[in-house]
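Enquirer: My questions all concern the structure below.
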Amino acid sequence: MEKKVLLRDLLLKHPADVAEVLSQLSDEKATELLHRLFLRQAAAEPLGEMEPEDSAELLSEIDRDEAIKILSRMDPDDAVDVLDELPDDVQEELLSRLGKEDAQVLSNLLTYPPDTAGGLMSPEVVALPLDMTAQEAIDFLRKKVEEVETIYYAYAVDEEGHLQGVFSLRDMALAQPNTRLFNLLKKDAISVPVDADAEDVAHLFDKYNYYALPVVDKDQKLLGVITIDDVIDVMREEATEDIYLSQGVPLEERVDTPWYESIKSRMPWLYFNLFTAFLAASVVGAFESTIAKFAVLAFFMPIIAGQGGNAGMQTVTIVTRGIALGEVPKGEGWHILRKELLLGLLNGLAMGIVVGAVGFIWKRTISLGLVVFLAMMFNMITAGIVGTIIPLGLRAIRQDPALASSIFLTTFTDTLGFAFLFLLARILIPGVR
């Protein structure tokens with residue numbers, strides 16, 4: 001009785017809520033519930049709302065005939081994401097047993113990399129002839145609504161399939177019934193190249209505030225459409241990727257990843273971080289005699305290194321975000337570097353005056369105050385320079401600008417911060433060598 005009530009309640013929920021329930025169940029219970037949803041023809045949409053790897057895992061556990069029918073009912077862009085997560089042999093088996101038309105559509109979509117416009121698009125796009133009336137177009141769209149994932153706009157193509165423009169559904173609804181569509185056509189339609197990077201697609205949506213954009217090939221032939229829900233997924237994934245990469249965390253890890261998998265994927269970055277820590281510590285070791293003669297320098301070590309790291313992370317964050325949002329065209333890095341150099345100098349002066357005053361008041365030694373003042377200023381300038389160069393340099397070698405930025409940055413600010421402090425002490429403080 002409890003199972004029946006659960007199923008009945010789930011059938012009334014949004015597919016995204018059903019997907020959340022499925023993702024929280026054990027594999028055995030999830031496959032059982034998916035089978036029951038399949039019998040009610042309600043399994044396709046929840047699977048489309050789940051993460052593709054989770055959907056693929058569930059789909060591989062159920063009966064093959066059921067899996068094929070569920071795939072055929074899913075929106076093509078969701079179905080191809082799931083197929084892409086399956087082993088090659090399972091993928092080939094499912095495609096070979098799908099209907100010819102469905103198999104052809106999904107096979108075509110699989111040829112596009114998943115992080116491109118082609119990998120995001122749905123081929124279910126509505127094209128209308130220009131000589132159709134507004135009323136005829138509305139009647140046609142009513143018939144297509146069950147076949148197409150989402151209709152935000154309709155498009156006009158010529159006889160060879162080249163994109164001619166876009167129609168607004170609002171314009172159609174408000175127009176006189178006998179108005180010909182060529183009078184409603186907007187010829188300046190924004191389109192997306194099929195090989196465009198997914199992040200660039202997200203920028204277009206953010207810039208133009210559309211709910212959907214058409215996808216075209218190099219000859220401007222209409223291939224499909226990308227909807228806003230797919231782009232939101234891209235934005236979330238890109239944000240997650242940037243957060244993970246900046247801290248050296250593997251992209252595949254989740255809160256429920258087994259501990260042995262987590263330690264295997266995290267350990268390499270921790271070892272790298274340990275190496276950089278030894279690098280900074282070696283600077284301290286090289287100046288052991290300096291610290292022994294003037295032990296108060298040890299008090300200022302974490303202050304100077306820490307402030308440099310904090311300031312550098314501010315710069316890294318701003319520059320990385322600017323790159324991600326397309327605000328930093330290639331070749332414009334020098335403008336940012338000059339700005340961050342100036343900020344580093346001003347911040348260094350402001351912070352240096354404070355720590356210099358503390359050093360002087362504490363030990364009544366002008367030379368100590370001058371040393372910590374200059375060390376702080378130099379390290380803040382270094383932080384601004386390095387915080388700019390790291391993300392720009394990573395982009396230049398075609399790596400994600402967020403890639404372990406904090407690890408690289410703190411290596412520089414710690415190592416150079418200590419070096420500035422001890423070298424200046426040897427130069428400016430009498431008797432310290």
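By convention in this document, the chains of the structure tokens carry letters A, B, ... by their order, each chain's residues are numbered from 1, and ligands are numbered from 1 in the order they are shown.
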Could you give me, as a ChimeraX atom specification, the residues within 12 Å of Ala295 in chain A, counting only C-alpha atoms and dropping anything in the same chain fewer than 5 positions from it?
Expert: /A:287-290,300-301,363,368,422,425,432
Enquirer: Excluding range 406-413 of chain A and residues on its chain fewer than 5 positions from it, collect all residues at most 6 Å away from it, counting only C-alpha atoms, and give them as a list of chain:residue names.
Expert: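 In the requested format, the answer is A:Ser246, A:Thr276, A:Ala305, A:Gly308, A:Gly309.
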Enquirer: Go ahead and compute the interatomic distance for CA of Leu342 in chain A and CA of Met380 in chain A, in Å to one decimal.
Expert: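 Pair CA of Leu342 in chain A / CA of Met380 in chain A returns 10.2 Å.
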Enquirer: Please identify all polymer residues within 10 Å of Asp195 in chain A, counting only C-alpha atoms, omitting same-chain residues fewer than 4 positions from it, and present them as a list in words.
Expert: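 Answer for this query is Tyr112, Pro113, Asp115, Thr116, Ala117, Gly118, Gly119, Val215, Val216, Asp217 and Lys218 of chain A.
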Enquirer: Might you pull out every residue within 12 Å of Ile381 in chain A, with only C-alpha atoms counted and same-chain residues fewer than 2 positions away left off, and present them as a PyMOL selection string?
Expert: chain A and resi 304+307-309+311-312+315+337-352+374-379+383-388+412-413+416-417+420
Enquirer: Taking the DSSP secondary structure from the backbone, can you list the residues of range 15-233 of chain A that are helix (DSSP H, G or I), as number ranges by chain?
Expert: A: 15-24, 27-39, 44-49, 52-61, 64-73, 76-85, 88-97, 100-110, 117-120, 134-144, 169-174, 181-183, 198-208, 228-233
Enquirer: Write out, as a tab-separated table, each residue of range 194-304 of chain A that has an atom at most 12 Å from range 57-76 of chain A, together with the closest pair of atoms and their distance in Å to one decimal, counting only C-alpha atoms, rows going by chain and rising number.
Expert:
residue	atom	partner	partner_atom	distance
A:Gly224	CA	A:Pro76	CA	10.8
A:Val225	CA	A:Pro76	CA	11.4
A:Ile226	CA	A:Pro76	CA	11.7
A:Asp230	CA	A:Asp75	CA	11.8
Enquirer: In Å to one decimal, how far is CA of Ser55 in chain A from CA of Glu28 in chain A?
Expert: 13.8 Å
Enquirer: Using only C-alpha atoms, what table do you get, as CSV, when you list each residue of range 69-148 of chain A with an atom no more than 10 Å from range 178-192 of chain A, its nearest pair of atoms, and their distance in Å rounded to one decimal, rows by chain then rising number?
Expert:
residue,atom,partner,partner_atom,distance
A:Ala117,CA,A:Val192,CA,7.1
A:Gly118,CA,A:Val192,CA,9.3
A:Leu128,CA,A:Leu181,CA,8.4
A:Pro129,CA,A:Leu181,CA,7.7
A:Leu130,CA,A:Phe182,CA,4.9
A:Asp131,CA,A:Arg180,CA,5.8
A:Met132,CA,A:Arg180,CA,5.8
A:Thr133,CA,A:Arg180,CA,4.4
A:Ala134,CA,A:Thr179,CA,5.6
A:Gln135,CA,A:Asn178,CA,6.6
A:Glu136,CA,A:Asn178,CA,8.5
A:Ala137,CA,A:Leu181,CA,8.2
Enquirer: Only C-alpha atoms, please: the residues just picked out, written as a compact mmCIF listing (two decimals), in the first residue's frame.
Expert:
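Produced file part.txt, reproduced below:
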# COMPACT_ATOMS: atom_id res chain seq x y z
CA ALA A 117 26.74 23.91 -29.28
CA GLY A 118 26.15 20.72 -31.27
CA LEU A 128 7.74 27.82 -40.91
CA PRO A 129 7.25 28.94 -44.55
CA LEU A 130 7.06 32.68 -45.09
CA ASP A 131 3.78 32.54 -47.04
CA MET A 132 1.88 30.98 -44.12
CA THR A 133 -0.60 33.19 -42.27
CA ALA A 134 -0.36 33.93 -38.56
CA GLN A 135 -3.46 31.83 -37.84
CA GLU A 136 -2.13 28.90 -39.88
CA ALA A 137 1.18 29.13 -38.02
Enquirer: Here is a test: counting only C-alpha atoms, which residue of A:Tyr211, A:Ala402, A:Asp233, A:Asp9 is nearest to Met313 in chain A?
Expert: A:Ala402
Enquirer: Tell me which of A:Val249, A:Tyr208, A:Ile138, A:Phe418 sits closest to Gly306 in chain A, counting only C-alpha atoms.
Expert: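 Of the candidates, the smallest distance to Gly306 in chain A is held by A:Phe418.
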Enquirer: Identify which of the residues A:Asn310, A:Ser107, A:Arg8, A:His203 lies closest to Glu327 in chain A, counting only C-alpha atoms when measuring atom-to-atom distances.
Expert: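 Result for the nearest residue to Glu327 in chain A: A:His203.
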Enquirer: Please give the complete set of residues from range 197-360 of chain A that DSSP, run on the backbone, assigns to strand (DSSP E or B), formatted as an NGL selection string.
Expert: :A and (197 or 212-216 or 221-227)
Enquirer: Can you tell me which residues surround Glu53 in chain A at a distance of at most 12 Å, considering only C-alpha atoms, apart from same-chain residues fewer than 4 positions away, and format the answer as a JSON list (two decimals) with N, CA and C atoms, in the first residue's frame?
Expert:
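Listed below is the output, part-v8.json:
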[["chain", "number", "residue", "atom", "x", "y", "z"],
["A", 23, "SER", "N", 17.49, 9.84, -7.22],
["A", 23, "SER", "CA", 18.92, 9.99, -6.93],
["A", 23, "SER", "C", 19.25, 9.69, -5.47],
["A", 47, "LEU", "N", 14.43, 11.00, -15.83],
["A", 47, "LEU", "CA", 15.81, 10.67, -16.21],
["A", 47, "LEU", "C", 16.48, 11.83, -16.91],
["A", 48, "GLY", "N", 15.71, 12.58, -17.68],
["A", 48, "GLY", "CA", 16.26, 13.75, -18.35],
["A", 48, "GLY", "C", 16.64, 14.86, -17.38],
["A", 49, "GLU", "N", 16.05, 14.86, -16.19],
["A", 49, "GLU", "CA", 16.34, 15.88, -15.18],
["A", 49, "GLU", "C", 17.53, 15.52, -14.30],
["A", 57, "GLU", "N", 23.64, 5.18, -15.32],
["A", 57, "GLU", "CA", 23.80, 4.05, -14.40],
["A", 57, "GLU", "C", 22.48, 3.34, -14.18],
["A", 58, "LEU", "N", 21.40, 4.12, -13.99],
["A", 58, "LEU", "CA", 20.08, 3.51, -13.82],
["A", 58, "LEU", "C", 19.64, 2.78, -15.07],
["A", 59, "LEU", "N", 19.86, 3.41, -16.22],
["A", 59, "LEU", "CA", 19.41, 2.84, -17.48],
["A", 59, "LEU", "C", 20.12, 1.52, -17.77],
["A", 60, "SER", "N", 21.38, 1.43, -17.38],
["A", 60, "SER", "CA", 22.13, 0.20, -17.63],
["A", 60, "SER", "C", 21.70, -0.94, -16.72],
["A", 78, "ASP", "N", 18.70, 15.28, -24.18],
["A", 78, "ASP", "CA", 18.88, 14.57, -22.91],
["A", 78, "ASP", "C", 19.30, 13.13, -23.16],
["A", 79, "ALA", "N", 18.67, 12.50, -24.15],
["A", 79, "ALA", "CA", 18.98, 11.09, -24.45],
["A", 79, "ALA", "C", 20.43, 10.92, -24.87],
["A", 80, "VAL", "N", 20.94, 11.86, -25.67],
["A", 80, "VAL", "CA", 22.32, 11.72, -26.14],
["A", 80, "VAL", "C", 23.31, 11.96, -25.00],
["A", 81, "ASP", "N", 22.95, 12.80, -24.03],
["A", 81, "ASP", "CA", 23.82, 13.00, -22.86],
["A", 81, "ASP", "C", 23.95, 11.70, -22.07],
["A", 82, "VAL", "N", 22.83, 10.97, -21.94],
["A", 82, "VAL", "CA", 22.84, 9.70, -21.22],
["A", 82, "VAL", "C", 23.65, 8.66, -22.00],
["A", 83, "LEU", "N", 23.40, 8.57, -23.30],
["A", 83, "LEU", "CA", 24.14, 7.61, -24.13],
["A", 83, "LEU", "C", 25.64, 7.85, -24.06],
["A", 84, "ASP", "N", 26.02, 9.11, -24.00],
["A", 84, "ASP", "CA", 27.44, 9.46, -23.99],
["A", 84, "ASP", "C", 28.14, 8.96, -22.73],
["A", 85, "GLU", "N", 27.37, 8.70, -21.67],
["A", 85, "GLU", "CA", 27.94, 8.22, -20.41],
["A", 85, "GLU", "C", 28.01, 6.70, -20.34],
["A", 86, "LEU", "N", 27.39, 6.01, -21.29],
["A", 86, "LEU", "CA", 27.35, 4.55, -21.27],
["A", 86, "LEU", "C", 28.59, 3.96, -21.93],
["A", 87, "PRO", "N", 28.98, 2.74, -21.55],
["A", 87, "PRO", "CA", 30.08, 2.07, -22.24],
["A", 87, "PRO", "C", 29.76, 1.91, -23.73],
["A", 252, "GLU", "N", 35.33, 15.03, -10.89],
["A", 252, "GLU", "CA", 34.39, 13.91, -10.77],
["A", 252, "GLU", "C", 33.90, 13.72, -9.34]]
